[in-house]
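Worksheet: one structure, shown below.
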Amino acid sequence: MRRISDGCNWPKRRRRKLFPAVFNPELNLSLSQDEMALRAALRNKCVLSGLLSQRSSCSSHGRVFASPVLAAQRRNNSTSPKIDVDFDQSTGVAVMRLQSPPVNSLSLEFLTELCIGVEKLEMDKSCRGLIITSSQPKVFSAGLDITEMYGKSPERCGEFWRAVQEMWLKLYGSNMITIAAINGSSPAGGCLMSMTCDYRIMADNPRYSIGLNETQLGIVAPFWFMDTMKNTLGHRTTEVALQLGLLYNPSEALKIGLVDQLVPEDQILTTAKQTMTKWLAIPDHARAITKSMMRKPTIDKLTSNREADIKYFVNFITKDSIQKSLGMYMEMLKKRRG
Amino acid sequence: MRRISDGCNWPKRRRRKLFPAVFNPELNLSLSQDEMALRAALRNKCVLSGLLSQRSSCSSHGRVFASPVLAAQRRNNSTSPKIDVDFDQSTGVAVMRLQSPPVNSLSLEFLTELCIGVEKLEMDKSCRGLIITSSQPKVFSAGLDITEMYGKSPERCGEFWRAVQEMWLKLYGSNMITIAAINGSSPAGGCLMSMTCDYRIMADNPRYSIGLNETQLGIVAPFWFMDTMKNTLGHRTTEVALQLGLLYNPSEALKIGLVDQLVPEDQILTTAKQTMTKWLAIPDHARAITKSMMRKPTIDKLTSNREADIKYFVNFITKDSIQKSLGMYMEMLKKRRG
Amino acid sequence: MRRISDGCNWPKRRRRKLFPAVFNPELNLSLSQDEMALRAALRNKCVLSGLLSQRSSCSSHGRVFASPVLAAQRRNNSTSPKIDVDFDQSTGVAVMRLQSPPVNSLSLEFLTELCIGVEKLEMDKSCRGLIITSSQPKVFSAGLDITEMYGKSPERCGEFWRAVQEMWLKLYGSNMITIAAINGSSPAGGCLMSMTCDYRIMADNPRYSIGLNETQLGIVAPFWFMDTMKNTLGHRTTEVALQLGLLYNPSEALKIGLVDQLVPEDQILTTAKQTMTKWLAIPDHARAITKSMMRKPTIDKLTSNREADIKYFVNFITKDSIQKSLGMYMEMLKKRRG
């Protein structure tokens, strides 16, 4: 078992498993390259917003600069780590625990860490499978962090949205076997994250729910959320689910195919690992090409519309009417908690 | 409650609900504009067939001329109204009753009225939901009126087909919440109309049936009927349903997802209104954008192939062999009734 | 009842049905043309590989030369016929039995015969329906013949792959009503062949299985296998089925829609014929156009990428790593049998 860490943000913790830690030079090399690129970029006065605006033009020429999510993360290097990754070298399976209290809201910072974590594992050839689960009680992820969309500058909103896209691109396009162990509610962005995985196991607790409930907040799930759900549920079920912003309890989610399996909550990780074993029996190369062929059209659609999608989001979210809605929603949440 | 009427075709009837009628200047304005455009066009000797042939060229420049369906309707202003619209201002919900005896066949005249009725409601910002049901016993709509396709000139066939397209475009592209209260059989065009709605409730009477049964008559459902069904049932079920021209009883229709809910016939309108309430709880703006995003590719496909689709239909339907088939079919229907 | 035969490969057998054989000049004419074209091509020193390389360029100008699958077959004219076709002129239904011992592996020779058989029936206007079943015990078809992919020259691999494409194009694009009577296991290419049919009836024997299990052998189902399965099962089920290379038993296959009906094995042909009668009740013309409209986009995708698909396959299959995998797999199969 080996814990993935970039050495500054994730604290060294006691290893929970019996296998010895193994140094992986390949992984570390690639990380250093990212860091070197970042430093080079910063040396060249290529500031963050510059990185962002250049992103689209350099993406076709390979990863010359550090990704904006990497860059952004540097600004928050004093906080506690928001994800915890246990990589079991003996099985080739990593377990990633979301641990951003209280409800794993997908803030820019959290998304940044998540993307780095996934990218590290992706680059590590010995990592074949990834299980995503939550360390927080009762919630897998509450979805996009509304505070990132309220009262923020257009630039910041754009940066946030790029990170959301990046998370989806990394997970939906992952070559690893990805399993969501959904041990709590998973609305909106949490549902999206679950749907990027190859398999979804949900805790059979009727108080948990999952779904893309954007319309209930007066906002609209973007086309690639929609496409991901269409690929999962088909056109008709998606049309109803998205128009009504439906949240399904586990039984309903199973029935429509939004999750693949229900288990008692205390068995969710065991089941995820057993399922992973089944998937690991398939030759990686053939499985990964197959996965990529199935998902490529959907991924290409965002990749080739990424900047337009950011513009559209920023324009939409900074509207007075939408800001007002979000403000009222946040007030309501505050009152509920108070 | 307010009754939508254009003042000449729909008789003033006793208001069935308790709420006072409200004058809506915005709605009336837009109607007057349509009428003014029509009059201007007629003044300029732009006769009906001319309006039709110009339709495609001016559609990209906005609605300069009255639509052909509007135009056509003027020729039939002496007949009884074929749709009845009750708009309840207090709920924002309109109930549209199809009342074209004996079986709500979709004639050019009926389609024209239907399109005008839907357009009026669409333009009325206070109308948020539309329930479509039938006033005729045992039938929701028998589908396209075969007499419109038999022994008619190519021009007339083209005019008819454009009206069928218009009906589909208006309903499938509606921003309103649309619910079909299918209180009788709904073959072919009746099934198409049902499928354009956001939700379908069918009377649980095993003698009723619904489906696109075109092939049984030797004709072919056009691509946009097919696309609408694929969006509803998926590819495989659609392939079998269309090849065999299957008509499903309510239970079967529910099972494959062609309808969403079955209720005893006398509860169908109550249920439709209850369902509408659920949909009305979602902010209109977000819901309508979501609906439009889901349906846009399908709608665009017809919009950009509209003239070709009309040509194809006219060419197909005026073939001797097809005319002969239709003639035989009509003879058979006559004998059955006799 | 009439037996289709090209007079040299398929032996004259006792006619099993009561109806007299009928000479069909139209069918025989078209066959002679094929033969004449072949002879002309050979006279002109247009050797087999030449035919292959010219295929793409002449395909757009109609069938001037014999197809490569026809050509290839000539080299094997000493072997027993691998398909047996019973055509019942009175019903318009042909039953094609796959009889390539031991397991109906789809070799180049077998595919060639199959394509010729289907093409003959397709060109015979009196043949309206085709039932495909197996003469071999316990297996419908074991799929692509691995020996055609192991240790063969790139040219030969390309020839083989073109024949696989041709089989799919002919069956998926057939105007006839096609029913698969799956009386045994049907993995990989056998599953593909089944999925091209309009209806699938499987013997209800839990020891039989069906599915696209390519990844289990370390290879990848090409995009048109994938598309065919997506059209049958939808996106999500296909994604799991293909990534894991799942083989389903009959009950599972019925549940996900991979087959349409299960019957006891001894009733499979009777049921297929009864089902065929239902389909024959629909006017051929309307049904065939409908079928073609549903399948055209999928067929066009291969037609316009055919050469690239062959190149991709040849490049992939001749890789050392893949050859090694196949070699190990064949060794394993030998040991199992031994």
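By order in the structure tokens, chains are A, B, ...; within a chain, residues start at 1; ligands start at 1, following the order shown.
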Please tabulate, as JSON lines, the residues of chain C that come within 10 Å of chain A, each with its closest pair of atoms and the distance in Å to one decimal, counting only C-alpha atoms and ordering rows by chain, then residue number upward.
{"residue": "C:Glu214", "atom": "CA", "partner": "A:Ala286", "partner_atom": "CA", "distance": 8.2}
{"residue": "C:Thr215", "atom": "CA", "partner": "A:Ala286", "partner_atom": "CA", "distance": 5.3}
{"residue": "C:Gln216", "atom": "CA", "partner": "A:Ile282", "partner_atom": "CA", "distance": 5.7}
{"residue": "C:Leu217", "atom": "CA", "partner": "A:Pro283", "partner_atom": "CA", "distance": 7.8}
{"residue": "C:Gly218", "atom": "CA", "partner": "A:Ala286", "partner_atom": "CA", "distance": 5.2}
{"residue": "C:Ile219", "atom": "CA", "partner": "A:Ala286", "partner_atom": "CA", "distance": 5.4}
{"residue": "C:Val220", "atom": "CA", "partner": "A:Ala286", "partner_atom": "CA", "distance": 5.4}
{"residue": "C:Ala221", "atom": "CA", "partner": "A:Thr290", "partner_atom": "CA", "distance": 7.4}
{"residue": "C:Pro222", "atom": "CA", "partner": "A:Thr290", "partner_atom": "CA", "distance": 8.6}
{"residue": "C:Phe223", "atom": "CA", "partner": "A:Met293", "partner_atom": "CA", "distance": 7.4}
{"residue": "C:Met226", "atom": "CA", "partner": "A:Met294", "partner_atom": "CA", "distance": 7.9}
{"residue": "C:Asp227", "atom": "CA", "partner": "A:Met294", "partner_atom": "CA", "distance": 9.3}
{"residue": "C:Lys230", "atom": "CA", "partner": "A:Met294", "partner_atom": "CA", "distance": 9.5}
{"residue": "C:Gly234", "atom": "CA", "partner": "A:Gly234", "partner_atom": "CA", "distance": 7.1}
{"residue": "C:His235", "atom": "CA", "partner": "A:Asn231", "partner_atom": "CA", "distance": 5.4}
{"residue": "C:Arg236", "atom": "CA", "partner": "A:Thr232", "partner_atom": "CA", "distance": 5.0}
{"residue": "C:Thr237", "atom": "CA", "partner": "A:Thr232", "partner_atom": "CA", "distance": 8.4}
{"residue": "C:Thr238", "atom": "CA", "partner": "A:Met294", "partner_atom": "CA", "distance": 8.6}
{"residue": "C:Glu239", "atom": "CA", "partner": "A:Met294", "partner_atom": "CA", "distance": 6.5}
{"residue": "C:Val240", "atom": "CA", "partner": "A:Asp198", "partner_atom": "CA", "distance": 7.5}
{"residue": "C:Leu242", "atom": "CA", "partner": "A:Thr290", "partner_atom": "CA", "distance": 6.8}
{"residue": "C:Gln243", "atom": "CA", "partner": "A:Arg287", "partner_atom": "CA", "distance": 5.0}
{"residue": "C:Leu244", "atom": "CA", "partner": "A:Ile282", "partner_atom": "CA", "distance": 6.4}
{"residue": "C:Gly245", "atom": "CA", "partner": "A:Ile282", "partner_atom": "CA", "distance": 7.9}
Name the residues in contact with segment 104-111 of chain B at a cut-off of 8 Å, using only C-alpha atoms, excluding same-chain residues fewer than 6 positions from it; report them as an mmCIF file with all heavy atoms, in the first residue's frame.
data_model
loop_
_atom_site.group_PDB
_atom_site.id
_atom_site.type_symbol
_atom_site.label_atom_id
_atom_site.label_comp_id
_atom_site.auth_asym_id
_atom_site.auth_seq_id
_atom_site.Cartn_x
_atom_site.Cartn_y
_atom_site.Cartn_z
ATOM 1 N N VAL B 69 -50.372 28.255 -42.004
ATOM 2 C CA VAL B 69 -51.469 27.655 -41.241
ATOM 3 C C VAL B 69 -52.468 28.728 -40.831
ATOM 4 O O VAL B 69 -53.673 28.504 -40.839
ATOM 5 C CB VAL B 69 -50.969 26.872 -40.013
ATOM 6 C CG1 VAL B 69 -50.215 25.640 -40.483
ATOM 7 C CG2 VAL B 69 -50.100 27.711 -39.117
ATOM 8 N N ALA B 72 -54.297 29.627 -44.086
ATOM 9 C CA ALA B 72 -55.239 28.602 -44.513
ATOM 10 C C ALA B 72 -56.526 28.659 -43.697
ATOM 11 O O ALA B 72 -57.628 28.481 -44.205
ATOM 12 C CB ALA B 72 -54.588 27.230 -44.371
ATOM 13 N N GLN B 73 -56.345 28.938 -42.425
ATOM 14 C CA GLN B 73 -57.497 28.896 -41.543
ATOM 15 C C GLN B 73 -58.570 29.891 -41.951
ATOM 16 O O GLN B 73 -59.753 29.651 -41.736
ATOM 17 C CB GLN B 73 -57.034 29.181 -40.113
ATOM 18 C CG GLN B 73 -58.044 28.769 -39.067
ATOM 19 C CD GLN B 73 -58.310 29.888 -38.104
ATOM 20 O OE1 GLN B 73 -57.938 31.034 -38.364
ATOM 21 N NE2 GLN B 73 -58.964 29.570 -37.016
ATOM 22 N N ASN B 76 -61.651 28.803 -43.703
ATOM 23 C CA ASN B 76 -62.623 27.901 -43.084
ATOM 24 C C ASN B 76 -63.325 28.561 -41.905
ATOM 25 O O ASN B 76 -63.680 27.910 -40.950
ATOM 26 C CB ASN B 76 -61.908 26.642 -42.597
ATOM 27 C CG ASN B 76 -61.282 25.898 -43.744
ATOM 28 O OD1 ASN B 76 -61.974 25.310 -44.567
ATOM 29 N ND2 ASN B 76 -59.967 25.953 -43.826
ATOM 30 N N LYS B 82 -62.752 23.596 -33.668
ATOM 31 C CA LYS B 82 -62.326 22.208 -33.503
ATOM 32 C C LYS B 82 -61.466 22.011 -32.265
ATOM 33 O O LYS B 82 -61.126 20.892 -31.907
ATOM 34 C CB LYS B 82 -61.564 21.756 -34.751
ATOM 35 C CG LYS B 82 -62.460 21.697 -35.986
ATOM 36 C CD LYS B 82 -61.715 21.191 -37.192
ATOM 37 C CE LYS B 82 -62.654 21.102 -38.396
ATOM 38 N NZ LYS B 82 -63.848 20.290 -38.130
ATOM 39 N N ILE B 83 -61.101 23.106 -31.654
ATOM 40 C CA ILE B 83 -60.459 22.964 -30.345
ATOM 41 C C ILE B 83 -61.123 23.925 -29.378
ATOM 42 O O ILE B 83 -61.658 24.964 -29.751
ATOM 43 C CB ILE B 83 -58.928 23.219 -30.367
ATOM 44 C CG1 ILE B 83 -58.616 24.677 -30.723
ATOM 45 C CG2 ILE B 83 -58.218 22.276 -31.307
ATOM 46 C CD1 ILE B 83 -57.175 25.050 -30.444
ATOM 47 N N LEU B 98 -59.599 18.617 -27.810
ATOM 48 C CA LEU B 98 -59.743 18.373 -29.244
ATOM 49 C C LEU B 98 -61.192 17.961 -29.491
ATOM 50 O O LEU B 98 -61.689 17.025 -28.877
ATOM 51 C CB LEU B 98 -58.786 17.263 -29.689
ATOM 52 C CG LEU B 98 -57.318 17.399 -29.224
ATOM 53 C CD1 LEU B 98 -56.490 16.212 -29.716
ATOM 54 C CD2 LEU B 98 -56.713 18.710 -29.699
ATOM 55 N N SER B 134 -59.069 15.061 -25.168
ATOM 56 C CA SER B 134 -60.070 14.949 -26.232
ATOM 57 C C SER B 134 -61.484 15.109 -25.684
ATOM 58 O O SER B 134 -61.791 14.668 -24.582
ATOM 59 C CB SER B 134 -59.937 13.580 -26.909
ATOM 60 O OG SER B 134 -61.064 13.316 -27.722
ATOM 61 N N GLN B 136 -63.906 14.006 -27.683
ATOM 62 C CA GLN B 136 -64.609 12.927 -28.384
ATOM 63 C C GLN B 136 -64.527 11.639 -27.574
ATOM 64 O O GLN B 136 -63.483 11.359 -26.977
ATOM 65 C CB GLN B 136 -63.963 12.698 -29.769
ATOM 66 C CG GLN B 136 -63.930 13.940 -30.645
ATOM 67 C CD GLN B 136 -65.280 14.611 -30.731
ATOM 68 O OE1 GLN B 136 -65.449 15.734 -30.271
ATOM 69 N NE2 GLN B 136 -66.264 13.898 -31.270
ATOM 70 N N VAL B 139 -61.636 8.262 -28.274
ATOM 71 C CA VAL B 139 -60.477 8.535 -29.111
ATOM 72 C C VAL B 139 -59.822 9.854 -28.701
ATOM 73 O O VAL B 139 -60.492 10.842 -28.408
ATOM 74 C CB VAL B 139 -60.876 8.557 -30.604
ATOM 75 C CG1 VAL B 139 -61.751 9.753 -30.926
ATOM 76 C CG2 VAL B 139 -59.659 8.554 -31.507
ATOM 77 N N PHE B 140 -58.508 9.803 -28.622
ATOM 78 C CA PHE B 140 -57.740 11.019 -28.364
ATOM 79 C C PHE B 140 -57.586 11.746 -29.701
ATOM 80 O O PHE B 140 -58.080 12.846 -29.889
ATOM 81 C CB PHE B 140 -56.377 10.641 -27.766
ATOM 82 C CG PHE B 140 -55.489 11.822 -27.490
ATOM 83 C CD1 PHE B 140 -55.727 12.654 -26.401
ATOM 84 C CD2 PHE B 140 -54.395 12.096 -28.304
ATOM 85 C CE1 PHE B 140 -54.901 13.750 -26.148
ATOM 86 C CE2 PHE B 140 -53.563 13.178 -28.053
ATOM 87 C CZ PHE B 140 -53.826 14.009 -26.977
ATOM 88 N N SER B 141 -56.941 11.098 -30.638
ATOM 89 C CA SER B 141 -56.944 11.566 -32.032
ATOM 90 C C SER B 141 -56.630 10.379 -32.920
ATOM 91 O O SER B 141 -55.731 9.587 -32.628
ATOM 92 C CB SER B 141 -55.904 12.660 -32.264
ATOM 93 O OG SER B 141 -55.673 12.812 -33.655
ATOM 94 N N ALA B 142 -57.376 10.275 -34.019
ATOM 95 C CA ALA B 142 -57.181 9.154 -34.943
ATOM 96 C C ALA B 142 -55.977 9.365 -35.849
ATOM 97 O O ALA B 142 -55.669 8.526 -36.681
ATOM 98 C CB ALA B 142 -58.438 8.934 -35.770
ATOM 99 N N GLY B 143 -55.307 10.505 -35.695
ATOM 100 C CA GLY B 143 -54.119 10.762 -36.516
ATOM 101 C C GLY B 143 -54.432 11.563 -37.758
ATOM 102 O O GLY B 143 -55.515 12.150 -37.867
ATOM 103 N N LEU B 144 -53.488 11.590 -38.673
ATOM 104 C CA LEU B 144 -53.641 12.395 -39.880
ATOM 105 C C LEU B 144 -54.913 12.001 -40.628
ATOM 106 O O LEU B 144 -55.243 10.829 -40.746
ATOM 107 C CB LEU B 144 -52.415 12.227 -40.788
ATOM 108 C CG LEU B 144 -51.061 12.548 -40.135
ATOM 109 C CD1 LEU B 144 -49.959 12.532 -41.185
ATOM 110 C CD2 LEU B 144 -51.080 13.886 -39.415
ATOM 111 N N ASP B 145 -55.589 12.998 -41.138
ATOM 112 C CA ASP B 145 -56.826 12.795 -41.887
ATOM 113 C C ASP B 145 -56.493 12.259 -43.277
ATOM 114 O O ASP B 145 -55.905 12.973 -44.105
ATOM 115 C CB ASP B 145 -57.554 14.144 -41.998
ATOM 116 C CG ASP B 145 -58.933 13.986 -42.590
ATOM 117 O OD1 ASP B 145 -59.196 12.959 -43.255
ATOM 118 O OD2 ASP B 145 -59.761 14.895 -42.389
ATOM 119 N N GLU B 148 -57.119 14.049 -46.550
ATOM 120 C CA GLU B 148 -56.215 15.125 -46.964
ATOM 121 C C GLU B 148 -55.101 14.617 -47.872
ATOM 122 O O GLU B 148 -54.367 15.400 -48.473
ATOM 123 C CB GLU B 148 -55.572 15.796 -45.738
ATOM 124 C CG GLU B 148 -56.536 16.473 -44.793
ATOM 125 C CD GLU B 148 -56.992 17.849 -45.310
ATOM 126 O OE1 GLU B 148 -56.707 18.184 -46.471
ATOM 127 O OE2 GLU B 148 -57.635 18.576 -44.527
ATOM 128 N N GLU B 159 -49.264 21.689 -48.588
ATOM 129 C CA GLU B 159 -49.820 22.606 -47.591
ATOM 130 C C GLU B 159 -50.208 21.818 -46.329
ATOM 131 O O GLU B 159 -49.933 22.233 -45.200
ATOM 132 C CB GLU B 159 -51.058 23.292 -48.167
ATOM 133 C CG GLU B 159 -51.528 24.499 -47.377
ATOM 134 C CD GLU B 159 -52.788 25.148 -47.990
ATOM 135 O OE1 GLU B 159 -53.266 24.673 -49.043
ATOM 136 O OE2 GLU B 159 -53.293 26.098 -47.382
ATOM 137 N N PHE B 160 -50.816 20.664 -46.561
ATOM 138 C CA PHE B 160 -51.206 19.800 -45.445
ATOM 139 C C PHE B 160 -49.981 19.358 -44.649
ATOM 140 O O PHE B 160 -49.951 19.449 -43.423
ATOM 141 C CB PHE B 160 -51.970 18.584 -45.983
ATOM 142 C CG PHE B 160 -52.237 17.536 -44.954
ATOM 143 C CD1 PHE B 160 -53.080 17.800 -43.875
ATOM 144 C CD2 PHE B 160 -51.649 16.274 -45.042
ATOM 145 C CE1 PHE B 160 -53.336 16.820 -42.914
ATOM 146 C CE2 PHE B 160 -51.892 15.305 -44.083
ATOM 147 C CZ PHE B 160 -52.736 15.569 -43.024
ATOM 148 N N ALA B 163 -48.466 21.855 -42.428
ATOM 149 C CA ALA B 163 -49.253 22.054 -41.206
ATOM 150 C C ALA B 163 -48.964 20.953 -40.178
ATOM 151 O O ALA B 163 -48.945 21.205 -38.970
ATOM 152 C CB ALA B 163 -50.739 22.098 -41.546
ATOM 153 N N VAL B 164 -48.730 19.728 -40.673
ATOM 154 C CA VAL B 164 -48.371 18.645 -39.752
ATOM 155 C C VAL B 164 -47.021 18.968 -39.102
ATOM 156 O O VAL B 164 -46.859 18.854 -37.882
ATOM 157 C CB VAL B 164 -48.300 17.281 -40.495
ATOM 158 C CG1 VAL B 164 -47.915 16.172 -39.517
ATOM 159 C CG2 VAL B 164 -49.626 16.951 -41.163
ATOM 160 N N MET B 167 -47.434 21.739 -36.508
ATOM 161 C CA MET B 167 -48.008 21.238 -35.256
ATOM 162 C C MET B 167 -46.907 20.614 -34.392
ATOM 163 O O MET B 167 -46.779 20.890 -33.202
ATOM 164 C CB MET B 167 -49.090 20.189 -35.578
ATOM 165 C CG MET B 167 -49.720 19.520 -34.376
ATOM 166 S SD MET B 167 -48.871 17.981 -33.866
ATOM 167 C CE MET B 167 -49.451 16.814 -35.120
ATOM 168 N N GLY B 189 -50.645 9.919 -36.078
ATOM 169 C CA GLY B 189 -50.483 11.325 -35.717
ATOM 170 C C GLY B 189 -50.946 11.645 -34.308
ATOM 171 O O GLY B 189 -50.433 12.571 -33.667
#
I need the strand (DSSP E or B) residues of segment 84-187 of chain B per DSSP on the backbone, written as number ranges by chain.
B: 84-88, 93-98, 105-106, 129-134, 139, 143-144, 177-182, 185-187
Quick one: write out the picked residues with C-alpha atoms as a PDB file, in the first residue's frame?
ATOM      1  CA  ASP B  84     -61.682  24.322 -27.084  1.00  0.00           C
ATOM      2  CA  VAL B  85     -59.246  26.080 -24.786  1.00  0.00           C
ATOM      3  CA  ASP B  86     -59.857  26.771 -21.113  1.00  0.00           C
ATOM      4  CA  PHE B  87     -57.135  28.871 -19.598  1.00  0.00           C
ATOM      5  CA  ASP B  88     -57.101  29.123 -15.836  1.00  0.00           C
ATOM      6  CA  VAL B  93     -52.629  26.152 -16.886  1.00  0.00           C
ATOM      7  CA  ALA B  94     -54.649  25.795 -20.083  1.00  0.00           C
ATOM      8  CA  VAL B  95     -56.700  22.741 -20.964  1.00  0.00           C
ATOM      9  CA  MET B  96     -57.049  22.217 -24.708  1.00  0.00           C
ATOM     10  CA  ARG B  97     -59.839  19.863 -25.773  1.00  0.00           C
ATOM     11  CA  LEU B  98     -59.743  18.373 -29.244  1.00  0.00           C
ATOM     12  CA  SER B 105     -58.656  13.388 -37.414  1.00  0.00           C
ATOM     13  CA  LEU B 106     -55.884  15.871 -38.097  1.00  0.00           C
ATOM     14  CA  GLY B 129     -48.736  24.732 -18.696  1.00  0.00           C
ATOM     15  CA  LEU B 130     -50.883  23.054 -21.346  1.00  0.00           C
ATOM     16  CA  ILE B 131     -52.965  19.916 -20.951  1.00  0.00           C
ATOM     17  CA  ILE B 132     -54.166  18.364 -24.195  1.00  0.00           C
ATOM     18  CA  THR B 133     -57.135  16.025 -24.099  1.00  0.00           C
ATOM     19  CA  SER B 134     -60.070  14.949 -26.232  1.00  0.00           C
ATOM     20  CA  VAL B 139     -60.477   8.535 -29.111  1.00  0.00           C
ATOM     21  CA  GLY B 143     -54.119  10.762 -36.516  1.00  0.00           C
ATOM     22  CA  LEU B 144     -53.641  12.395 -39.880  1.00  0.00           C
ATOM     23  CA  ILE B 177     -45.135  22.322 -19.678  1.00  0.00           C
ATOM     24  CA  THR B 178     -47.204  20.047 -21.902  1.00  0.00           C
ATOM     25  CA  ILE B 179     -49.155  17.064 -20.639  1.00  0.00           C
ATOM     26  CA  ALA B 180     -51.161  14.676 -22.798  1.00  0.00           C
ATOM     27  CA  ALA B 181     -54.290  13.355 -21.071  1.00  0.00           C
ATOM     28  CA  ILE B 182     -54.872  10.489 -23.481  1.00  0.00           C
ATOM     29  CA  SER B 185     -57.090   5.632 -28.722  1.00  0.00           C
ATOM     30  CA  SER B 186     -54.174   7.519 -30.172  1.00  0.00           C
ATOM     31  CA  PRO B 187     -52.767   5.967 -33.338  1.00  0.00           C
TER      32      PRO B 187
END
Quick one: everything within 9 Å of segment 312-328 of chain A, counting only C-alpha atoms, minus sequence neighbours fewer than 6 positions away in the same chain. Send it as a list in words.
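In the requested format, the answer is Ile146, Thr147, Met149, Tyr150, Gly151, Lys152, Ser153, Pro154, Glu155, Cys157, Gly158, Trp161, Leu217, Gly218, Ile219 and Pro222 of chain A.
Among A:Lys296, A:Lys273, A:Arg207, A:Arg337, the residue with the shortest atom-to-atom distance to Lys138 of chain A, counting only C-alpha atoms, is A:Arg207.
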Closest of A:Glu252, A:Glu119, A:Glu166, A:Glu265 to Asp204 of chain A - atom-to-atom distances counting only C-alpha atoms
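With only C-alpha atoms as the atom set, the closest residue is A:Glu265.
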Please report, as a VMD selection string, each residue of segment 64-163 of chain B to which DSSP assigns helix (DSSP H, G or I) when run on this structure's backbone.
chain B and resid 68 to 74 108 to 123 146 to 148 154 to 163
Using atom CA of Lys255 of chain C and atom CA of Val259 of chain B as the two end points, give the distance in Å to one decimal.
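According to the coordinates, atom CA of Lys255 of chain C and atom CA of Val259 of chain B are separated by 20.5 Å.
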Provide the atom CA of Val263 of chain A to atom CA of Thr275 of chain A distance in Å, to one decimal place.
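Answer for the atom CA of Val263 of chain A to atom CA of Thr275 of chain A separation: 12.2 Å.
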Quick one: everything within 8 Å of Asp260 of chain A, counting only C-alpha atoms, minus sequence neighbours fewer than 5 positions away in the same chain. Send it as a PDB file with N, CA and C atoms, in the first residue's frame.
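Saved result, around18.pdb, follows:
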ATOM      1  N   TYR A 199     -18.853   2.270 -12.676  1.00  0.00           N
ATOM      2  CA  TYR A 199     -19.828   1.487 -11.901  1.00  0.00           C
ATOM      3  C   TYR A 199     -20.178   2.277 -10.650  1.00  0.00           C
ATOM      4  N   ARG A 200     -21.431   2.208 -10.262  1.00  0.00           N
ATOM      5  CA  ARG A 200     -21.923   2.965  -9.113  1.00  0.00           C
ATOM      6  C   ARG A 200     -22.593   2.045  -8.094  1.00  0.00           C
ATOM      7  N   ILE A 201     -22.056   2.033  -6.901  1.00  0.00           N
ATOM      8  CA  ILE A 201     -22.658   1.282  -5.807  1.00  0.00           C
ATOM      9  C   ILE A 201     -23.138   2.303  -4.787  1.00  0.00           C
ATOM     10  N   MET A 202     -24.403   2.184  -4.379  1.00  0.00           N
ATOM     11  CA  MET A 202     -24.928   3.185  -3.444  1.00  0.00           C
ATOM     12  C   MET A 202     -25.367   2.521  -2.139  1.00  0.00           C
ATOM     13  N   LEU A 254     -31.704   2.911  -8.557  1.00  0.00           N
ATOM     14  CA  LEU A 254     -31.370   1.580  -9.083  1.00  0.00           C
ATOM     15  C   LEU A 254     -32.304   1.210 -10.227  1.00  0.00           C
TER      16      LEU A 254
END
Given the choices A:Thr91, A:Pro206, A:Pro297, A:Trp224, which gets closest to Leu262 of chain A if the distance is worked out from only C-alpha atoms?
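Closest to Leu262 of chain A of all the choices is A:Pro206.
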Can you measure atom CA of Glu113 of chain C to atom CA of Gly190 of chain C for me? One decimal in Å is fine.
15.6 Å
